[in-house]
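Q: Just run-v5.pdb, nothing more (PDB, C-alpha atoms):
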```pdb
ATOM      1  CA  MET A   1      30.349 -23.796  40.590
ATOM      2  CA  ARG A   2      30.976 -22.823  44.257
ATOM      3  CA  SER A   3      28.968 -19.908  45.643
ATOM      4  CA  HIS A   4      30.736 -16.827  46.936
ATOM      5  CA  VAL A   5      30.290 -16.393  50.707
ATOM      6  CA  THR A   6      30.875 -13.033  52.404
ATOM      7  CA  PRO A   7      32.652 -12.765  55.801
ATOM      8  CA  ALA A   8      29.388 -11.608  57.414
ATOM      9  CA  VAL A   9      27.623 -14.778  56.314
ATOM     10  CA  VAL A  10      30.488 -16.913  57.652
ATOM     11  CA  LEU A  11      30.309 -15.185  61.047
ATOM     12  CA  THR A  12      26.532 -15.633  61.174
ATOM     13  CA  ALA A  13      26.778 -19.303  60.319
ATOM     14  CA  PHE A  14      29.476 -19.807  62.953
ATOM     15  CA  ALA A  15      27.306 -18.143  65.584
ATOM     16  CA  VAL A  16      24.380 -20.452  64.710
ATOM     17  CA  LEU A  17      26.595 -23.524  65.062
ATOM     18  CA  VAL A  18      27.884 -22.405  68.458
ATOM     19  CA  VAL A  19      24.370 -21.757  69.771
ATOM     20  CA  SER A  20      23.091 -25.076  68.405
ATOM     21  CA  ALA A  21      25.915 -27.034  70.052
ATOM     22  CA  CYS A  22      25.292 -25.452  73.453
ATOM     23  CA  THR A  23      21.503 -25.797  73.701
ATOM     24  CA  THR A  24      20.295 -27.302  76.982
ATOM     25  CA  GLY A  25      16.983 -28.309  78.558
ATOM     26  CA  THR A  26      14.310 -30.151  76.561
ATOM     27  CA  GLY A  27      15.842 -30.800  73.190
ATOM     28  CA  THR A  28      19.316 -30.904  74.769
ATOM     29  CA  THR A  29      22.211 -31.392  72.376
ATOM     30  CA  THR A  30      25.947 -31.420  72.704
ATOM     31  CA  ALA A  31      28.589 -31.701  70.033
ATOM     32  CA  ASP A  32      28.487 -35.514  70.377
ATOM     33  CA  SER A  33      24.765 -36.268  70.792
ATOM     34  CA  ARG A  34      21.420 -35.861  69.109
ATOM     35  CA  PRO A  35      18.647 -33.645  70.506
ATOM     36  CA  MET A  36      16.938 -35.198  73.517
ATOM     37  CA  ALA A  37      13.560 -36.632  72.519
ATOM     38  CA  GLY A  38      10.444 -34.746  73.567
ATOM     39  CA  PRO A  39       7.333 -35.891  75.502
ATOM     40  CA  VAL A  40       5.763 -39.241  74.539
ATOM     41  CA  ALA A  41       2.076 -40.189  74.789
ATOM     42  CA  VAL A  42       2.523 -43.697  76.220
ATOM     43  CA  LEU A  43      -1.209 -44.154  76.872
ATOM     44  CA  PRO A  44      -4.194 -42.021  75.824
ATOM     45  CA  ASP A  45      -4.194 -40.544  79.337
ATOM     46  CA  LEU A  46      -0.448 -40.695  80.044
ATOM     47  CA  THR A  47       2.203 -38.442  78.521
ATOM     48  CA  VAL A  48       5.725 -38.825  79.893
ATOM     49  CA  GLU A  49       8.071 -35.822  79.908
ATOM     50  CA  PRO A  50      11.860 -36.177  79.514
ATOM     51  CA  ASP A  51      14.222 -35.312  82.356
ATOM     52  CA  PRO A  52      17.482 -33.653  81.208
ATOM     53  CA  GLN A  53      19.315 -34.754  84.362
ATOM     54  CA  LEU A  54      18.422 -38.393  83.758
ATOM     55  CA  HIS A  55      19.322 -38.038  80.074
ATOM     56  CA  ALA A  56      22.781 -36.856  81.118
ATOM     57  CA  MET A  57      23.304 -40.107  83.068
ATOM     58  CA  LEU A  58      23.151 -42.183  79.871
ATOM     59  CA  PRO A  59      26.317 -43.569  78.247
ATOM     60  CA  GLU A  60      27.645 -41.428  75.417
ATOM     61  CA  SER A  61      26.923 -44.201  72.888
ATOM     62  CA  ILE A  62      23.209 -44.096  73.827
ATOM     63  CA  ARG A  63      23.058 -40.298  73.725
ATOM     64  CA  THR A  64      24.721 -40.336  70.314
ATOM     65  CA  THR A  65      22.018 -42.554  68.792
ATOM     66  CA  ASN A  66      19.201 -41.571  71.180
ATOM     67  CA  THR A  67      18.199 -45.236  71.072
ATOM     68  CA  VAL A  68      18.253 -48.166  73.476
ATOM     69  CA  ARG A  69      18.069 -51.453  71.564
ATOM     70  CA  VAL A  70      15.725 -53.783  73.447
ATOM     71  CA  ALA A  71      15.300 -57.530  72.913
ATOM     72  CA  THR A  72      11.942 -59.181  73.658
ATOM     73  CA  ASP A  73      10.335 -62.549  72.985
ATOM     74  CA  ILE A  74       6.938 -62.172  71.305
ATOM     75  CA  PRO A  75       4.231 -63.236  71.998
ATOM     76  CA  TYR A  76       4.049 -63.590  75.768
ATOM     77  CA  PRO A  77       0.866 -61.702  76.654
ATOM     78  CA  PRO A  78       0.185 -59.455  78.424
ATOM     79  CA  PHE A  79       3.889 -58.592  78.744
ATOM     80  CA  GLU A  80       4.647 -58.485  75.020
ATOM     81  CA  MET A  81       2.355 -59.190  72.077
ATOM     82  CA  TYR A  82       1.320 -57.857  68.692
ATOM     83  CA  ALA A  83      -1.526 -55.351  68.628
ATOM     84  CA  ASN A  84      -3.520 -57.426  66.108
ATOM     85  CA  GLU A  85      -3.194 -60.703  64.234
ATOM     86  CA  GLY A  86      -0.830 -60.146  61.332
ATOM     87  CA  SER A  87       0.417 -56.854  62.791
ATOM     88  CA  LYS A  88       4.028 -56.112  63.678
ATOM     89  CA  GLN A  89       3.068 -53.330  66.095
ATOM     90  CA  ILE A  90       4.218 -54.418  69.557
ATOM     91  CA  THR A  91       2.191 -53.716  72.673
ATOM     92  CA  GLY A  92       2.001 -55.048  76.235
ATOM     93  CA  ILE A  93       3.228 -54.270  79.742
ATOM     94  CA  ASP A  94       6.932 -54.430  78.880
ATOM     95  CA  TYR A  95       6.518 -52.385  75.725
ATOM     96  CA  ASP A  96       4.513 -49.624  77.427
ATOM     97  CA  LEU A  97       6.885 -49.488  80.396
ATOM     98  CA  GLY A  98       9.811 -49.406  77.992
ATOM     99  CA  GLN A  99       8.315 -46.476  76.101
ATOM    100  CA  ALA A 100       7.729 -44.655  79.399
ATOM    101  CA  ILE A 101      11.282 -45.265  80.645
ATOM    102  CA  GLY A 102      12.693 -44.180  77.294
ATOM    103  CA  ALA A 103      10.534 -41.050  77.287
ATOM    104  CA  ARG A 104      11.715 -40.092  80.785
ATOM    105  CA  LEU A 105      15.322 -40.573  79.635
ATOM    106  CA  GLY A 106      14.727 -38.591  76.443
ATOM    107  CA  VAL A 107      15.570 -41.544  74.174
ATOM    108  CA  ARG A 108      13.707 -44.232  72.245
ATOM    109  CA  PHE A 109      13.389 -47.822  73.453
ATOM    110  CA  ASP A 110      13.495 -49.750  70.160
ATOM    111  CA  PHE A 111      12.014 -53.237  70.681
ATOM    112  CA  GLU A 112      12.999 -56.154  68.434
ATOM    113  CA  ALA A 113      11.780 -59.757  68.553
ATOM    114  CA  GLN A 114      14.301 -62.371  69.679
ATOM    115  CA  LYS A 115      13.771 -65.978  70.793
ATOM    116  CA  PHE A 116      13.908 -66.174  74.577
ATOM    117  CA  ASP A 117      16.719 -68.706  74.840
ATOM    118  CA  GLY A 118      18.872 -66.552  72.547
ATOM    119  CA  ILE A 119      18.276 -63.209  74.254
ATOM    120  CA  LEU A 120      21.160 -63.157  76.729
ATOM    121  CA  PRO A 121      23.739 -64.374  74.161
ATOM    122  CA  ALA A 122      22.503 -61.634  71.797
ATOM    123  CA  VAL A 123      23.025 -58.975  74.482
ATOM    124  CA  GLN A 124      26.492 -60.321  75.263
ATOM    125  CA  ALA A 125      27.316 -60.219  71.546
ATOM    126  CA  GLY A 126      26.444 -56.501  71.460
ATOM    127  CA  LYS A 127      23.292 -56.815  69.355
ATOM    128  CA  PHE A 128      21.105 -55.336  72.119
ATOM    129  CA  ASP A 129      21.560 -52.949  75.022
ATOM    130  CA  ALA A 130      18.710 -54.300  77.152
ATOM    131  CA  VAL A 131      16.083 -57.017  77.633
ATOM    132  CA  MET A 132      12.431 -56.491  78.533
ATOM    133  CA  SER A 133      10.759 -59.882  78.287
ATOM    134  CA  ALA A 134       9.199 -60.858  81.631
ATOM    135  CA  MET A 135      12.607 -62.269  82.562
ATOM    136  CA  THR A 136      13.119 -63.435  86.136
ATOM    137  CA  ASP A 137      16.137 -61.876  87.834
ATOM    138  CA  LYS A 138      18.279 -64.938  88.628
ATOM    139  CA  LYS A 139      21.786 -64.902  90.068
ATOM    140  CA  ALA A 140      22.989 -67.167  87.256
ATOM    141  CA  ARG A 141      21.677 -64.674  84.691
ATOM    142  CA  GLN A 142      23.470 -61.826  86.464
ATOM    143  CA  ARG A 143      26.686 -63.229  85.022
ATOM    144  CA  SER A 144      25.400 -62.153  81.609
ATOM    145  CA  VAL A 145      23.494 -58.931  82.384
ATOM    146  CA  ASP A 146      22.645 -56.627  85.271
ATOM    147  CA  PHE A 147      18.975 -56.369  86.234
ATOM    148  CA  VAL A 148      16.821 -53.401  87.096
ATOM    149  CA  ASP A 149      13.942 -55.103  88.931
ATOM    150  CA  TYR A 150      10.475 -53.869  88.050
ATOM    151  CA  LEU A 151       7.751 -56.523  88.652
ATOM    152  CA  ASN A 152       7.017 -59.571  90.779
ATOM    153  CA  ALA A 153       4.834 -62.514  89.725
ATOM    154  CA  GLY A 154       4.797 -66.221  90.479
ATOM    155  CA  PRO A 155       4.195 -69.228  88.203
ATOM    156  CA  GLY A 156       0.837 -70.748  87.327
ATOM    157  CA  TRP A 157      -0.736 -73.532  85.277
ATOM    158  CA  LEU A 158      -2.715 -72.916  82.106
ATOM    159  CA  VAL A 159      -5.061 -75.890  81.661
ATOM    160  CA  ALA A 160      -7.952 -76.843  79.401
ATOM    161  CA  LYS A 161     -11.256 -75.226  80.328
ATOM    162  CA  GLY A 162     -12.576 -76.664  83.564
ATOM    163  CA  ASN A 163      -9.234 -78.292  84.515
ATOM    164  CA  PRO A 164     -10.125 -81.817  83.256
ATOM    165  CA  ALA A 165      -6.727 -83.132  84.397
ATOM    166  CA  GLY A 166      -7.739 -82.284  87.976
ATOM    167  CA  ILE A 167      -4.549 -80.455  88.933
ATOM    168  CA  THR A 168      -4.833 -79.212  92.516
ATOM    169  CA  VAL A 169      -1.378 -80.018  93.911
ATOM    170  CA  VAL A 170       1.891 -80.045  92.009
ATOM    171  CA  THR A 171       2.311 -83.843  92.215
ATOM    172  CA  ASP A 172      -0.886 -84.232  90.195
ATOM    173  CA  VAL A 173       1.268 -83.712  87.074
ATOM    174  CA  CYS A 174       3.696 -86.522  87.946
ATOM    175  CA  GLY A 175       3.758 -88.989  85.060
ATOM    176  CA  LYS A 176       1.846 -86.585  82.798
ATOM    177  CA  PRO A 177       3.023 -84.477  79.838
ATOM    178  CA  VAL A 178       3.238 -80.746  80.539
ATOM    179  CA  GLY A 179       4.502 -77.898  78.373
ATOM    180  CA  VAL A 180       6.941 -75.101  79.194
ATOM    181  CA  GLN A 181       8.942 -72.567  77.218
ATOM    182  CA  THR A 182      12.594 -73.517  76.851
ATOM    183  CA  GLY A 183      15.241 -71.433  78.568
ATOM    184  CA  THR A 184      12.833 -70.014  81.154
ATOM    185  CA  ASN A 185      12.902 -70.053  84.938
ATOM    186  CA  HIS A 186       9.717 -72.126  84.765
ATOM    187  CA  GLN A 187      11.568 -74.908  82.982
ATOM    188  CA  LYS A 188      14.090 -75.031  85.849
ATOM    189  CA  LEU A 189      11.302 -75.027  88.430
ATOM    190  CA  LEU A 190       9.595 -77.972  86.719
ATOM    191  CA  GLN A 191      12.855 -79.911  86.731
ATOM    192  CA  GLN A 192      13.094 -79.275  90.485
ATOM    193  CA  ARG A 193       9.550 -80.611  90.923
ATOM    194  CA  GLN A 194      10.763 -84.022  89.766
ATOM    195  CA  ARG A 195      12.123 -84.565  93.282
ATOM    196  CA  LEU A 196       8.589 -84.286  94.670
ATOM    197  CA  CYS A 197       7.394 -87.017  92.319
ATOM    198  CA  GLU A 198      10.332 -89.230  93.261
ATOM    199  CA  ALA A 199       9.698 -88.701  96.990
ATOM    200  CA  LYS A 200       6.133 -89.975  96.571
ATOM    201  CA  GLY A 201       7.152 -92.918  94.426
ATOM    202  CA  LEU A 202       5.415 -91.418  91.395
ATOM    203  CA  PRO A 203       6.673 -91.407  87.795
ATOM    204  CA  PRO A 204       8.492 -88.239  86.680
ATOM    205  CA  ILE A 205       6.781 -85.321  84.972
ATOM    206  CA  ARG A 206       7.024 -85.614  81.193
ATOM    207  CA  ILE A 207       8.353 -82.133  80.427
ATOM    208  CA  LEU A 208       7.916 -81.018  76.809
ATOM    209  CA  THR A 209       9.758 -77.811  75.932
ATOM    210  CA  PHE A 210       8.732 -75.304  73.269
ATOM    211  CA  SER A 211      10.604 -72.344  71.790
ATOM    212  CA  LYS A 212       7.557 -70.093  72.340
ATOM    213  CA  ASP A 213       4.810 -70.304  74.913
ATOM    214  CA  SER A 214       2.233 -69.929  72.130
ATOM    215  CA  GLU A 215       3.447 -73.321  70.867
ATOM    216  CA  ALA A 216       2.877 -74.824  74.319
ATOM    217  CA  GLN A 217      -0.656 -73.422  74.219
ATOM    218  CA  LEU A 218      -1.268 -75.142  70.882
ATOM    219  CA  ALA A 219      -0.017 -78.400  72.405
ATOM    220  CA  LEU A 220      -2.498 -77.915  75.255
ATOM    221  CA  ARG A 221      -5.340 -77.313  72.804
ATOM    222  CA  SER A 222      -4.502 -80.516  70.916
ATOM    223  CA  GLY A 223      -4.183 -82.640  74.055
ATOM    224  CA  LYS A 224      -0.462 -83.225  73.603
ATOM    225  CA  VAL A 225       0.074 -81.815  77.110
ATOM    226  CA  VAL A 226      -2.308 -81.550  80.069
ATOM    227  CA  ALA A 227      -1.005 -78.163  81.209
ATOM    228  CA  ASP A 228       1.330 -75.296  80.368
ATOM    229  CA  TYR A 229       3.622 -73.901  83.118
ATOM    230  CA  LEU A 230       4.179 -70.147  82.842
ATOM    231  CA  ASP A 231       3.739 -66.816  84.649
ATOM    232  CA  GLU A 232       0.439 -66.662  86.520
ATOM    233  CA  VAL A 233      -0.235 -63.232  84.980
ATOM    234  CA  THR A 234       0.178 -64.581  81.461
ATOM    235  CA  ALA A 235      -1.894 -67.653  82.293
ATOM    236  CA  ALA A 236      -4.732 -65.455  83.579
ATOM    237  CA  TYR A 237      -4.577 -63.173  80.528
ATOM    238  CA  VAL A 238      -4.612 -66.051  78.038
ATOM    239  CA  ALA A 239      -7.431 -67.822  79.902
ATOM    240  CA  SER A 240      -9.583 -64.672  79.875
ATOM    241  CA  THR A 241      -8.982 -63.765  76.213
ATOM    242  CA  ALA A 242      -8.491 -66.973  74.174
ATOM    243  CA  ASP A 243     -11.724 -67.922  72.378
ATOM    244  CA  GLY A 244     -13.608 -65.391  74.446
ATOM    245  CA  GLY A 245     -12.493 -67.073  77.660
ATOM    246  CA  ASN A 246     -13.835 -70.495  76.636
ATOM    247  CA  ALA A 247     -10.581 -72.356  75.883
ATOM    248  CA  PHE A 248      -8.546 -72.379  79.075
ATOM    249  CA  SER A 249      -8.621 -72.135  82.855
ATOM    250  CA  THR A 250      -5.847 -71.418  85.349
ATOM    251  CA  VAL A 251      -4.583 -73.175  88.457
ATOM    252  CA  THR A 252      -2.483 -71.057  90.826
ATOM    253  CA  GLY A 253      -1.224 -71.053  94.394
ATOM    254  CA  ARG A 254       1.862 -72.632  95.929
ATOM    255  CA  ALA A 255       0.181 -75.999  96.562
ATOM    256  CA  ALA A 256      -0.511 -76.348  92.840
ATOM    257  CA  VAL A 257       2.635 -74.793  91.360
ATOM    258  CA  GLY A 258       5.143 -75.770  94.045
ATOM    259  CA  GLU A 259       7.444 -73.591  96.127
ATOM    260  CA  TYR A 260       9.410 -70.858  94.389
ATOM    261  CA  SER A 261      11.627 -67.969  95.414
ATOM    262  CA  ALA A 262      10.264 -64.457  95.328
ATOM    263  CA  SER A 263      12.875 -63.252  92.838
ATOM    264  CA  PRO A 264      11.457 -60.350  90.814
ATOM    265  CA  MET A 265      11.344 -59.827  87.081
ATOM    266  CA  GLY A 266      14.095 -57.583  85.814
ATOM    267  CA  ILE A 267      15.059 -55.400  82.879
ATOM    268  CA  GLY A 268      18.333 -56.937  81.722
ATOM    269  CA  ILE A 269      21.013 -54.340  81.007
ATOM    270  CA  SER A 270      24.213 -54.943  79.043
ATOM    271  CA  LYS A 271      27.322 -54.911  81.217
ATOM    272  CA  ASP A 272      29.127 -53.145  78.354
ATOM    273  CA  GLN A 273      26.951 -50.011  78.702
ATOM    274  CA  ALA A 274      28.411 -48.342  81.782
ATOM    275  CA  GLY A 275      25.866 -46.095  83.458
ATOM    276  CA  LEU A 276      22.830 -47.440  81.606
ATOM    277  CA  LYS A 277      21.465 -49.519  84.487
ATOM    278  CA  GLU A 278      21.732 -46.531  86.847
ATOM    279  CA  ALA A 279      19.882 -44.303  84.374
ATOM    280  CA  VAL A 280      17.158 -46.908  83.768
ATOM    281  CA  ARG A 281      16.735 -47.508  87.509
ATOM    282  CA  ALA A 282      16.408 -43.772  88.186
ATOM    283  CA  ALA A 283      13.916 -43.320  85.338
ATOM    284  CA  LEU A 284      11.828 -46.279  86.507
ATOM    285  CA  GLN A 285      11.822 -44.958  90.074
ATOM    286  CA  SER A 286      10.613 -41.574  88.851
ATOM    287  CA  LEU A 287       7.726 -43.308  87.046
ATOM    288  CA  MET A 288       6.896 -45.173  90.244
ATOM    289  CA  ASP A 289       6.969 -41.931  92.213
ATOM    290  CA  ASP A 290       4.671 -39.972  89.890
ATOM    291  CA  GLY A 291       2.098 -42.771  89.414
ATOM    292  CA  SER A 292       2.869 -43.498  85.744
ATOM    293  CA  TYR A 293       4.126 -47.015  86.564
ATOM    294  CA  ARG A 294       0.890 -48.060  88.279
ATOM    295  CA  LYS A 295      -1.194 -46.443  85.545
ATOM    296  CA  ILE A 296       0.497 -48.689  82.964
ATOM    297  CA  LEU A 297      -0.045 -51.805  85.099
ATOM    298  CA  GLY A 298      -3.639 -50.731  85.617
ATOM    299  CA  ARG A 299      -4.204 -50.719  81.876
ATOM    300  CA  TYR A 300      -3.548 -54.473  81.907
ATOM    301  CA  GLU A 301      -5.425 -55.006  85.186
ATOM    302  CA  VAL A 302      -2.378 -56.356  87.046
ATOM    303  CA  PRO A 303      -1.668 -53.786  89.801
ATOM    304  CA  ASN A 304      -0.827 -56.640  92.208
ATOM    305  CA  ILE A 305       2.470 -57.393  90.441
ATOM    306  CA  ALA A 306       3.867 -53.922  91.204
ATOM    307  CA  ILE A 307       6.919 -53.562  93.441
ATOM    308  CA  PRO A 308       7.461 -50.526  95.700
ATOM    309  CA  LYS A 309      10.992 -49.635  94.650
ATOM    310  CA  ALA A 310      13.239 -50.064  91.613
ATOM    311  CA  THR A 311      16.286 -52.079  92.658
ATOM    312  CA  VAL A 312      19.345 -53.553  90.945
ATOM    313  CA  ASN A 313      20.150 -57.290  90.930
ATOM    314  CA  GLY A 314      17.648 -58.205  93.636
ATOM    315  CA  ALA A 315      17.461 -61.957  92.900
ATOM    316  CA  LEU A 316      16.725 -64.047  95.996
ATOM    317  CA  ASP A 317      17.522 -67.498  94.603
TER     318      ASP A 317
END
```
Give the structure from the file, written as structure tokens.

A:
Amino acid sequence: MRSHVTPAVVLTAFAVLVVSACTTGTGTTTADSRPMAGPVAVLPDLTVEPDPQLHAMLPESIRTTNTVRVATDIPYPPFEMYANEGSKQITGIDYDLGQAIGARLGVRFDFEAQKFDGILPAVQAGKFDAVMSAMTDKKARQRSVDFVDYLNAGPGWLVAKGNPAGITVVTDVCGKPVGVQTGTNHQKLLQQRQRLCEAKGLPPIRILTFSKDSEAQLALRSGKVVADYLDEVTAAYVASTADGGNAFSTVTGRAAVGEYSASPMGIGISKDQAGLKEAVRAALQSLMDDGSYRKILGRYEVPNIAIPKATVNGALD
């Protein structure tokens, strides 16, 4: 049976609805969006506050769900990895930066695992709004997404402990099997290195591709490849942590890895989300300005990969 409602109750209820729909500031809502998320403890010593002005820059579809759907390829430490073996809790540089950017925007950055070579097609298909996966900002990739540039790191070699293959210059891998993750900028760089082998009359590099870099590491452990070509930051992290630092070494420097452009890593943003890249860029810049950005990089001991300013589509290739 329906309850009887007096006119006074109706007026009171109407007043509550009007007030609720017009609330502003932290916890902002409008008739077409959810309340803006509150502060987030990104690190034990870092809590990021939301900015209502930045929240207002977001596309209506993002404000309605209060969620940015983010694709990432896991594991690729220290950028993205699981907190513990068997865990599904994501951690890493990209994850922490994503949580900080989301917190500043008053929304949640919801990370989901996706194979690297399928990430851009998934964004174009509308499954994700953004990519945070140590992805190099390349002009060819800008046809699929826009980039908010946030880090800069070059390639490096992960080799067996002590570098038994003796890799000191890039042509030392000519004629040898090396591993690389498929679909990455590193794969393209290795293919370019073939010209160096040819110029010296050496046999071509035997490039073996793997869907995940962790698979390339297993191939290195088993002797299937003599080296794994990846980000120097990831190479250093894996070398210092795998088997207590006793499994791998790194070889870095332009003589060893070959020449490469200084294109930065970028947060890939869907071209279908008008205004999202501007909001993400502004939020990232605010984290750079207040020191939160460097605090997150400091947690992973990689302050040298910081860039001074958040830019859009800054590829140099």

Q: Scan for residues within 7 Å of the point (13.5, -57.0, 71.1) in the coordinates of the file, using only C-alpha atoms, and reply as a list in words.

A: Val70, Ala71, Thr72, Asp73, Phe111, Glu112, Ala113 and Gln114 of chain A

Q: Which polymer residues, whether protein, DNA or RNA, lie within 12 Å of the coordinate (26.4, -42.6, 75.6) when you count all atoms listed in the file? List them as an MDAnalysis selection string, using the chain letters and numbers from the file.

A: chainID A and resid 30 32:34 55:68 105 107 129 272:276 279

Q: Measuring atom to atom with only C-alpha atoms, identify which of A:Phe79, A:Phe109, A:Phe248, A:Phe116 is nearest to Leu151 of chain A.

A: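 Nearest candidate to Leu151 of chain A out of A:Phe79, A:Phe109, A:Phe248, A:Phe116: A:Phe79.
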
Q: Between atom CA of Arg69 of chain A and atom CA of Arg108 of chain A, what is the spacing in Å?

A: 8.5 Å

Q: Run the PyMOL selection byres ((chain A and resi 86-91) around 10) mentally over the shown coordinates, then write out the matched residues as a list in words, using the chain letters and numbers from the document.

A: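 With the PyMOL selection byres ((chain A and resi 86-91) around 10) on this model, the match is Thr72, Ile74, Pro75, Pro77, Pro78, Phe79, Glu80, Met81, Tyr82, Ala83, Asn84, Glu85, Gly92, Ile93, Asp94, Tyr95, Asp96, Leu97, Phe111, Glu112 and Ala113 of chain A.
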
Q: Distance atom CA of Ala282 of chain A-atom CA of Pro35 of chain A, one decimal place?

A: 20.5 Å

Q: Could you expand the PyMOL selection byres ((chain A and resi 291) around 12) into the explicit residues it covers here, written as a list in words?

A: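 Answer for the PyMOL selection byres ((chain A and resi 291) around 12): Leu46, Thr47, Val48, Ala100, Leu284, Gln285, Ser286, Leu287, Met288, Asp289, Asp290, Ser292, Tyr293, Arg294, Lys295, Ile296, Leu297, Gly298, Pro303, Ala306 and Pro308 of chain A.
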